[in-house]
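The structure under discussion appears below in the form of C-alpha cells.
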Amino acid sequence: MVTPPWRINEVLDRAQNGPICLEGDFDLKLLVPELQRVVKEYDICFDPIIPVPQDNTLADSLWKAAMDLYLEVGTLCTDTHRRILFTEDEIKEALGNFPGKFTLGFGRDSKEISCRKIEDTQRPFCLFSPDITCDEDLFVPMSMAYLQEPLADGVCAPILDEIEGMPIRSGFPSEVKGSVAHAMMFREAARRVGRPGIFLKSVGTAESDAAQIAASNPEWGERLTDGRFVASVTELKVDNSLLNKMVHFHTYGCFVGSLAGPIMGGYAGGPEGTAVVGVAYHLMGLLVNQAHFMNYFPFHLKHTCNTMRQLLWVISITYQALSRNSNLVSMSNGFAAAGPCTQMVLNEAAAHALVSVVSGANLWEMAVAKNKVKNYATPMEARMAAEVGCGAANEKISRVDANEIVLALLKTYEENIEDAPLGKNFRECYDVRRIKPSDDYMTLYGKTRRELDDIGVPFIY
Amino acid sequence: MTMESLFEALKRSLEEYEPDKAKEIAQELITVHQVDPLKVIDDVLSPTMEEIGEKFDRMDIFLPELMGAAEAMQAATSILTEYIRKSTTQRLERKAKVVLGTVHGDIHEIGKNIVKIMLEVSGFEVFDLGKDVPSIQFIEKANEVNADVIALSALMTTTMMSQKEVIELLEALGKRDNYLVIIGGAPTTASWQEEIGADGWAETAVGAAKLATKLLEERAK
C-alpha cells in the first residue's frame, strides 16, 4: 500500500494537457446538467422525516451516482482551463491501494485514524478545532484550551489575522510571517499542555501556497507527523496554487488532508445534489489532492451551517455511501449556527456528532456562530460533540435510534437557525489566564448534558 | 393567444427556466400584439424575476434554478431591447454600470456570481472581473467603462483588507467620488463598511442589487 500519493505526475500532466474547458462552461454546461442527470437516474431522494436514512440501497445508489458524475465531469484546473479526468480503472486502482488507516502524530501522543463503518463500535478519531480567527494574544491560550481536552486526538489551531500589529493579508509577506509564527506558537502550546506529539493540523493562517511552504520545518514548524490541507474551488475545481500545495506537502512528506465543502443552494442544488457532489469530492480528494484524509463540511449557502435537517441528511447519506463502498478516511466537520455558551450550540453539536458517527465518520468539531465571528469558538462545543460521538460508538447506537434522537434534537433548535444566538466569545467563556471554562458555561454544559441524556443522547461517560 | 395570456405564459417561461419559449413569446408580444417592450419589462419580467430572487433568498429554489430563470429573462430582454433600439420613438435609458469582482487574494466566487445575476436581472450592466482581482484593476476597469458602482466581494478575514485597499487607492488617486463602492461577503459587516468608508454593505445577493439601486437613486436626488 503505497498510496497516497497515487500518481502525482499524472495529475500535473492532466492539469496541463487535459481537455480545455472554460470555468463558466464547467459550472453551468457540464456540472449542473450532469448532476441533475445522475440525481434523477439514480433516484436520489431526500426525505425530511428521516435525517438519518437507513436504506443501504440509497447509500449505494449515491456512490454510483457520484462515481458516474466524477467520471463525466472530473476536476477543472481554473488556471489552465483544463479538465483533469480519470478512468474508472484508475479510480479503482487508487481506491484499491488506499490503506484505510494512518497513525497521526508521534510517539506517546500519536493516534490511529481509520475508515469507519456504519453503526461502527470503533471510537471515532476526534479532532478539535475552533475553525475561526482569533486575536493574536489569544492564539496560545486558545490553542492550549483545545489541546488540553482529553478527548482530542488531534487539534487544529485558530487562525491569525494579525501579527505583531500588522494585518495579515493573503498573498502578502505578512501572511508568510504570520504563518511561521502560527506554526511555532502552536507547537509551543502543544508542549506546554504536555502533549508534544499530538497530531497538529496547520497552518490555517496560510491561505497562499507560499505561506504554507514557508511553515514546513521539522525543527520549529510543521512536522512530517502533522497534517496539512489542500482545499478546492467550489465545486470540484482546483488551481495552480492548490496543486502547488499538494506537490509540496507530498514531497515534504507530511500528511495531506483534502477540504470538501459542497454548498447546498449553490451549483450543487438541493440536498440530493449536495450529497452527490460530497461523495465526488472524496474521489477528487483521493485522486487530485492525493489526500490521506478528508475534511467534509457540506453547508447551507445562506446560513453557512450544517446542523439543519437537510444537511444532516447530506452528511449521513454521504458517509453511509463512503463506508459501504470504500475505505476512505474522512472527518465530518460540524458548522453550528449558534455561538458559544448557548444551549442551542450544544444541541447542534450533539446532533452533528451523532449523525456523523453512526453513519461512519470520524469527527472534526467545530465551527460555531455560522463560522463568521472572530474569537467566537471554545473547546466546549467540540467537547460535547466528542462526548456524544464516542458515546454513540460505545453504546452501539443504530441508525434507527439515531434518527429518533436527532428528530428530538432538531425540535429544540431548527426554527432558530436563521436568527441563532451569537452567544459569548472566548474571553467571555474562559478564564484566559488559567485556561479554564467559566462557571456559567460549565453550569450550562452540565444542565444541557442532563437534558440530552434524558432524550436518549448517548455519552461516553 | 390574448396579450394577457401571453404575459402569463412569459412569466411561466421564467419560472420554468425556458429561454427559447421566453424569446418566442417576447417576439409575439411585440410583433403580433404591438405591446410596448418597456411595458413587458416593467409588468412581467422585472416583477417575476423579483419573485424568483426572493424564492432564492428563502432557499425555496437553488442557484441552478435562479440561473435558469435569469437566462430566460435575458433571452426575452434581448428581443425587447433590439426592438427598442430600432424604434425611432423610444430611447433606451442608459443602464447603470457595476464593476464587480472578488478581491485580491481571494478565490471564492460563488457569492459574487449570484450577486452578478441579481444585478443583471435588476437592470444593471455588470463588468465581472472574476476572482483574485488586484485592487488597481477595479479602478482601471471602472475608469474604462465609466462605471457607477464598484462592488467588492471577500470571503476571508485575510482578504477583507483588499476591500479597504481599493477605497484607499481611489482616495489617493482622487477618484473616490466618481464611484459608489459597495462590499459584501461572509466575514464582512456593516461596521466594517463604516470602518473602511464604503458606501454600502449587503448581506445577501438580493440585498446587494437592492442596495445598488437604492444608493444610485439617492445619488440622483
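Labels used: A, B, ... for chains in the order of the C-alpha cells, numbers from 1 for residues in each chain, and numbers from 1 for ligands as shown.
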Skipping near chain neighbours, those fewer than 6 positions away, what residues fall within 9 Å of segment 394-399 of chain A using only C-alpha atoms, listed as a compact mmCIF listing (two decimals) with all heavy atoms, in the first residue's frame?
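See result.txt below for the written result:
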```
# COMPACT_ATOMS: atom_id res chain seq x y z
N VAL A 52 -31.57 10.65 9.27
CA VAL A 52 -30.55 9.58 9.27
C VAL A 52 -31.15 8.40 8.50
O VAL A 52 -31.80 7.52 9.08
CB VAL A 52 -30.18 9.14 10.70
CG1 VAL A 52 -29.02 8.14 10.67
CG2 VAL A 52 -29.80 10.35 11.56
N PRO A 53 -30.97 8.37 7.19
CA PRO A 53 -31.59 7.31 6.40
C PRO A 53 -31.04 5.93 6.76
O PRO A 53 -29.90 5.79 7.19
CB PRO A 53 -31.25 7.69 4.96
CG PRO A 53 -30.20 8.71 5.02
CD PRO A 53 -30.22 9.32 6.37
N GLN A 54 -31.88 4.93 6.57
CA GLN A 54 -31.46 3.57 6.93
C GLN A 54 -31.49 2.65 5.72
O GLN A 54 -31.54 1.42 5.86
CB GLN A 54 -32.39 3.04 8.03
CG GLN A 54 -32.32 3.85 9.32
CD GLN A 54 -33.64 4.54 9.67
OE1 GLN A 54 -34.70 3.94 9.54
NE2 GLN A 54 -33.58 5.79 10.13
N ILE A 118 -20.69 1.91 9.03
CA ILE A 118 -21.98 2.36 9.55
C ILE A 118 -22.25 1.64 10.88
O ILE A 118 -22.02 0.43 11.00
CB ILE A 118 -23.11 2.04 8.54
CG1 ILE A 118 -22.88 2.81 7.24
CG2 ILE A 118 -24.48 2.34 9.13
CD1 ILE A 118 -23.71 2.33 6.07
N GLU A 119 -22.71 2.37 11.87
CA GLU A 119 -23.01 1.84 13.21
C GLU A 119 -21.79 1.15 13.83
O GLU A 119 -21.91 0.18 14.59
CB GLU A 119 -24.22 0.90 13.16
CG GLU A 119 -25.48 1.60 12.67
CD GLU A 119 -26.68 0.69 12.40
OE1 GLU A 119 -26.57 -0.52 12.69
OE2 GLU A 119 -27.70 1.19 11.91
N ASP A 120 -20.63 1.62 13.47
CA ASP A 120 -19.37 1.04 13.94
C ASP A 120 -19.22 1.28 15.45
O ASP A 120 -19.55 2.36 15.95
CB ASP A 120 -18.21 1.74 13.20
CG ASP A 120 -16.96 0.88 13.15
OD1 ASP A 120 -16.77 0.07 14.08
OD2 ASP A 120 -16.17 1.06 12.21
N THR A 121 -18.70 0.29 16.15
CA THR A 121 -18.46 0.48 17.59
C THR A 121 -17.04 1.00 17.85
O THR A 121 -16.66 1.25 18.99
CB THR A 121 -18.66 -0.84 18.36
OG1 THR A 121 -17.82 -1.82 17.76
CG2 THR A 121 -20.10 -1.28 18.32
N GLN A 122 -16.28 1.12 16.77
CA GLN A 122 -14.92 1.67 16.92
C GLN A 122 -15.01 3.17 17.20
O GLN A 122 -15.73 3.90 16.50
CB GLN A 122 -14.17 1.43 15.61
CG GLN A 122 -12.78 2.02 15.57
CD GLN A 122 -12.23 1.94 14.16
OE1 GLN A 122 -12.13 0.85 13.60
NE2 GLN A 122 -11.92 3.08 13.57
N ARG A 123 -14.29 3.60 18.21
CA ARG A 123 -14.33 5.02 18.59
C ARG A 123 -13.88 5.91 17.44
O ARG A 123 -12.89 5.60 16.78
CB ARG A 123 -13.35 5.20 19.76
CG ARG A 123 -13.76 6.30 20.71
CD ARG A 123 -12.60 6.63 21.61
NE ARG A 123 -12.30 8.02 21.34
CZ ARG A 123 -11.33 8.71 21.89
NH1 ARG A 123 -10.50 8.15 22.71
NH2 ARG A 123 -11.16 9.98 21.61
N LEU A 354 -23.65 12.89 16.45
CA LEU A 354 -24.40 11.63 16.45
C LEU A 354 -24.65 11.14 15.02
O LEU A 354 -24.37 9.99 14.69
CB LEU A 354 -25.73 11.84 17.19
CG LEU A 354 -26.65 10.63 17.30
CD1 LEU A 354 -25.95 9.47 18.01
CD2 LEU A 354 -27.93 11.00 18.05
N VAL A 355 -25.15 12.04 14.19
CA VAL A 355 -25.42 11.68 12.79
C VAL A 355 -24.14 11.20 12.11
O VAL A 355 -24.12 10.18 11.42
CB VAL A 355 -26.01 12.90 12.03
CG1 VAL A 355 -25.98 12.69 10.53
CG2 VAL A 355 -27.42 13.18 12.50
N VAL A 358 -22.63 7.65 13.66
CA VAL A 358 -23.48 6.49 13.35
C VAL A 358 -23.39 6.14 11.85
O VAL A 358 -23.50 4.99 11.46
CB VAL A 358 -24.94 6.78 13.78
CG1 VAL A 358 -25.91 5.79 13.18
CG2 VAL A 358 -25.04 6.77 15.29
N SER A 359 -23.15 7.16 11.02
CA SER A 359 -23.11 6.95 9.57
C SER A 359 -21.73 6.54 9.06
O SER A 359 -21.57 6.23 7.88
CB SER A 359 -23.56 8.23 8.86
OG SER A 359 -24.81 8.64 9.35
N PRO A 458 -26.53 9.57 23.56
CA PRO A 458 -25.52 8.77 24.25
C PRO A 458 -24.30 9.60 24.66
O PRO A 458 -23.92 10.53 23.95
CB PRO A 458 -25.12 7.75 23.19
CG PRO A 458 -25.35 8.46 21.89
CD PRO A 458 -26.49 9.41 22.11
N PHE A 459 -23.70 9.28 25.78
CA PHE A 459 -22.46 9.94 26.21
C PHE A 459 -21.42 8.88 26.53
O PHE A 459 -21.76 7.77 26.95
CB PHE A 459 -22.71 10.83 27.44
CG PHE A 459 -23.39 12.11 27.09
CD1 PHE A 459 -24.78 12.22 27.15
CD2 PHE A 459 -22.66 13.21 26.68
CE1 PHE A 459 -25.41 13.39 26.79
CE2 PHE A 459 -23.29 14.40 26.33
CZ PHE A 459 -24.67 14.49 26.39
N ILE A 460 -20.16 9.24 26.35
CA ILE A 460 -19.10 8.25 26.56
C ILE A 460 -18.96 7.91 28.05
O ILE A 460 -18.60 6.80 28.40
CB ILE A 460 -17.76 8.72 25.95
CG1 ILE A 460 -16.70 7.61 26.04
CG2 ILE A 460 -17.28 10.03 26.54
CD1 ILE A 460 -15.44 7.85 25.27
```
| request: Extract, using only C-alpha atoms, all DNA, RNA and protein residues at most 10 Å from Lys201 of chain A, discarding same-chain residues fewer than 6 positions from it, and format them as an NGL selection string. | output: :A and (105 or 127-129 or 154-157 or 183 or 186 or 222 or 225-229 or 255-257)
Contact table chain B vs chain A, cut-off 10 Å, shortest pair per residue, only C-alpha atoms, as a Markdown table:
```
| residue | atom | partner | partner_atom | distance |
| --- | --- | --- | --- | --- |
| B:Phe56 | CA | A:Gly265 | CA | 8.4 |
| B:Asp57 | CA | A:Lys302 | CA | 7.8 |
| B:Arg58 | CA | A:Lys302 | CA | 8.5 |
| B:Met59 | CA | A:Gly265 | CA | 6.6 |
| B:Asp60 | CA | A:Gly265 | CA | 9.0 |
| B:Ile61 | CA | A:Gly265 | CA | 7.4 |
| B:Phe62 | CA | A:Gly265 | CA | 4.5 |
| B:Leu63 | CA | A:Gly266 | CA | 4.8 |
| B:Pro64 | CA | A:Tyr267 | CA | 5.9 |
| B:Glu65 | CA | A:Gly269 | CA | 8.3 |
| B:Leu66 | CA | A:Gly266 | CA | 9.7 |
| B:Met67 | CA | A:Leu28 | CA | 8.8 |
| B:Gly68 | CA | A:Leu28 | CA | 9.7 |
| B:His104 | CA | A:Ser170 | CA | 8.1 |
| B:Gly105 | CA | A:Ser170 | CA | 5.2 |
| B:Asp106 | CA | A:Ser170 | CA | 7.6 |
| B:Ile107 | CA | A:Val233 | CA | 7.3 |
| B:His108 | CA | A:Val233 | CA | 7.0 |
| B:Glu109 | CA | A:Thr234 | CA | 8.1 |
| B:Ile110 | CA | A:Thr234 | CA | 7.2 |
| B:Gly111 | CA | A:Leu301 | CA | 8.7 |
| B:Ile114 | CA | A:Gly266 | CA | 8.9 |
| B:Leu155 | CA | A:Lys372 | CA | 9.7 |
| B:Met156 | CA | A:Ser170 | CA | 8.9 |
| B:Thr157 | CA | A:Asp161 | CA | 6.8 |
| B:Thr158 | CA | A:Arg169 | CA | 4.7 |
| B:Thr159 | CA | A:Arg169 | CA | 5.9 |
| B:Met160 | CA | A:Arg169 | CA | 8.3 |
| B:Met161 | CA | A:Arg169 | CA | 6.8 |
| B:Ser162 | CA | A:Arg169 | CA | 8.0 |
| B:Ala186 | CA | A:Lys372 | CA | 6.6 |
| B:Pro187 | CA | A:Lys372 | CA | 5.4 |
| B:Thr188 | CA | A:Lys372 | CA | 8.6 |
| B:Thr189 | CA | A:Lys372 | CA | 9.9 |
| B:Glu203 | CA | A:Lys302 | CA | 9.4 |
| B:Thr204 | CA | A:Lys302 | CA | 7.9 |
| B:Ala205 | CA | A:Lys302 | CA | 9.9 |
```
Write out the residues from the selection above, keeping C-alpha atoms, as a PDB file, in the first residue's frame.
```pdb
ATOM      1  CA  PHE B  56     -33.856  32.014  -3.956  1.00  0.00           C
ATOM      2  CA  ASP B  57     -33.254  34.217  -0.948  1.00  0.00           C
ATOM      3  CA  ARG B  58     -35.538  31.918   1.072  1.00  0.00           C
ATOM      4  CA  MET B  59     -33.767  28.895  -0.489  1.00  0.00           C
ATOM      5  CA  ASP B  60     -37.047  27.609  -1.909  1.00  0.00           C
ATOM      6  CA  ILE B  61     -35.073  27.293  -5.141  1.00  0.00           C
ATOM      7  CA  PHE B  62     -31.311  26.947  -5.675  1.00  0.00           C
ATOM      8  CA  LEU B  63     -28.621  28.555  -7.799  1.00  0.00           C
ATOM      9  CA  PRO B  64     -29.128  26.439 -10.967  1.00  0.00           C
ATOM     10  CA  GLU B  65     -32.828  27.407 -10.985  1.00  0.00           C
ATOM     11  CA  LEU B  66     -32.019  31.077 -10.397  1.00  0.00           C
ATOM     12  CA  MET B  67     -29.542  30.980 -13.270  1.00  0.00           C
ATOM     13  CA  GLY B  68     -32.097  29.245 -15.498  1.00  0.00           C
ATOM     14  CA  HIS B 104      -7.143  40.245  -4.354  1.00  0.00           C
ATOM     15  CA  GLY B 105      -6.012  37.031  -2.678  1.00  0.00           C
ATOM     16  CA  ASP B 106      -9.498  35.532  -2.599  1.00  0.00           C
ATOM     17  CA  ILE B 107     -10.541  32.728  -4.916  1.00  0.00           C
ATOM     18  CA  HIS B 108     -14.110  32.310  -3.675  1.00  0.00           C
ATOM     19  CA  GLU B 109     -16.629  33.489  -6.208  1.00  0.00           C
ATOM     20  CA  ILE B 110     -19.946  31.726  -5.872  1.00  0.00           C
ATOM     21  CA  GLY B 111     -21.403  34.606  -3.844  1.00  0.00           C
ATOM     22  CA  ILE B 114     -25.004  35.244  -7.523  1.00  0.00           C
ATOM     23  CA  LEU B 155     -14.876  35.658   1.822  1.00  0.00           C
ATOM     24  CA  MET B 156     -11.962  35.631   4.205  1.00  0.00           C
ATOM     25  CA  THR B 157     -10.822  37.867   7.018  1.00  0.00           C
ATOM     26  CA  THR B 158      -7.362  37.883   5.443  1.00  0.00           C
ATOM     27  CA  THR B 159      -8.754  39.265   2.177  1.00  0.00           C
ATOM     28  CA  MET B 160     -11.198  41.814   3.569  1.00  0.00           C
ATOM     29  CA  MET B 161      -8.298  44.228   3.757  1.00  0.00           C
ATOM     30  CA  SER B 162      -8.269  44.346  -0.035  1.00  0.00           C
ATOM     31  CA  ALA B 186     -19.324  36.234   4.691  1.00  0.00           C
ATOM     32  CA  PRO B 187     -16.948  37.937   7.149  1.00  0.00           C
ATOM     33  CA  THR B 188     -17.946  41.491   6.260  1.00  0.00           C
ATOM     34  CA  THR B 189     -20.337  43.549   8.364  1.00  0.00           C
ATOM     35  CA  GLU B 203     -25.538  40.548   3.496  1.00  0.00           C
ATOM     36  CA  THR B 204     -27.188  38.752   0.572  1.00  0.00           C
ATOM     37  CA  ALA B 205     -27.122  38.824  -3.216  1.00  0.00           C
TER      38      ALA B 205
END
```
Can you tell me, as a JSON list (two decimals) with C-alpha atoms, in the first residue's frame, what residues are no more than 8 Å from segment 434-444 of chain A when counting only C-alpha atoms, ignoring any on the same chain fewer than 6 positions away?
```
[["chain", "number", "residue", "atom", "x", "y", "z"],
["A", 141, "PRO", "CA", -4.22, 30.21, 25.34],
["A", 142, "MET", "CA", -6.96, 29.28, 22.90],
["A", 144, "MET", "CA", -3.87, 25.27, 24.77],
["A", 145, "ALA", "CA", -7.54, 25.17, 25.72],
["A", 341, "CYS", "CA", -22.25, 29.32, 25.77],
["A", 342, "THR", "CA", -25.73, 28.72, 24.37],
["A", 343, "GLN", "CA", -27.81, 25.62, 24.81],
["A", 380, "MET", "CA", -16.71, 23.16, 25.00],
["A", 428, "GLU", "CA", -16.21, 35.78, 27.97]]
```
| message | as a ChimeraX atom specification, please: every residue in segment 10-210 of chain B that DSSP puts in strand (DSSP E). | response | /B:97-102,125-128,149-153,180-184,200-201
| field | Between atom CA of Arg83 of chain A and atom CA of Cys21 of chain A, distance in Å (one decimal) | value |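 Interatomic distance, atom CA of Arg83 of chain A to atom CA of Cys21 of chain A: 6.6 Å.
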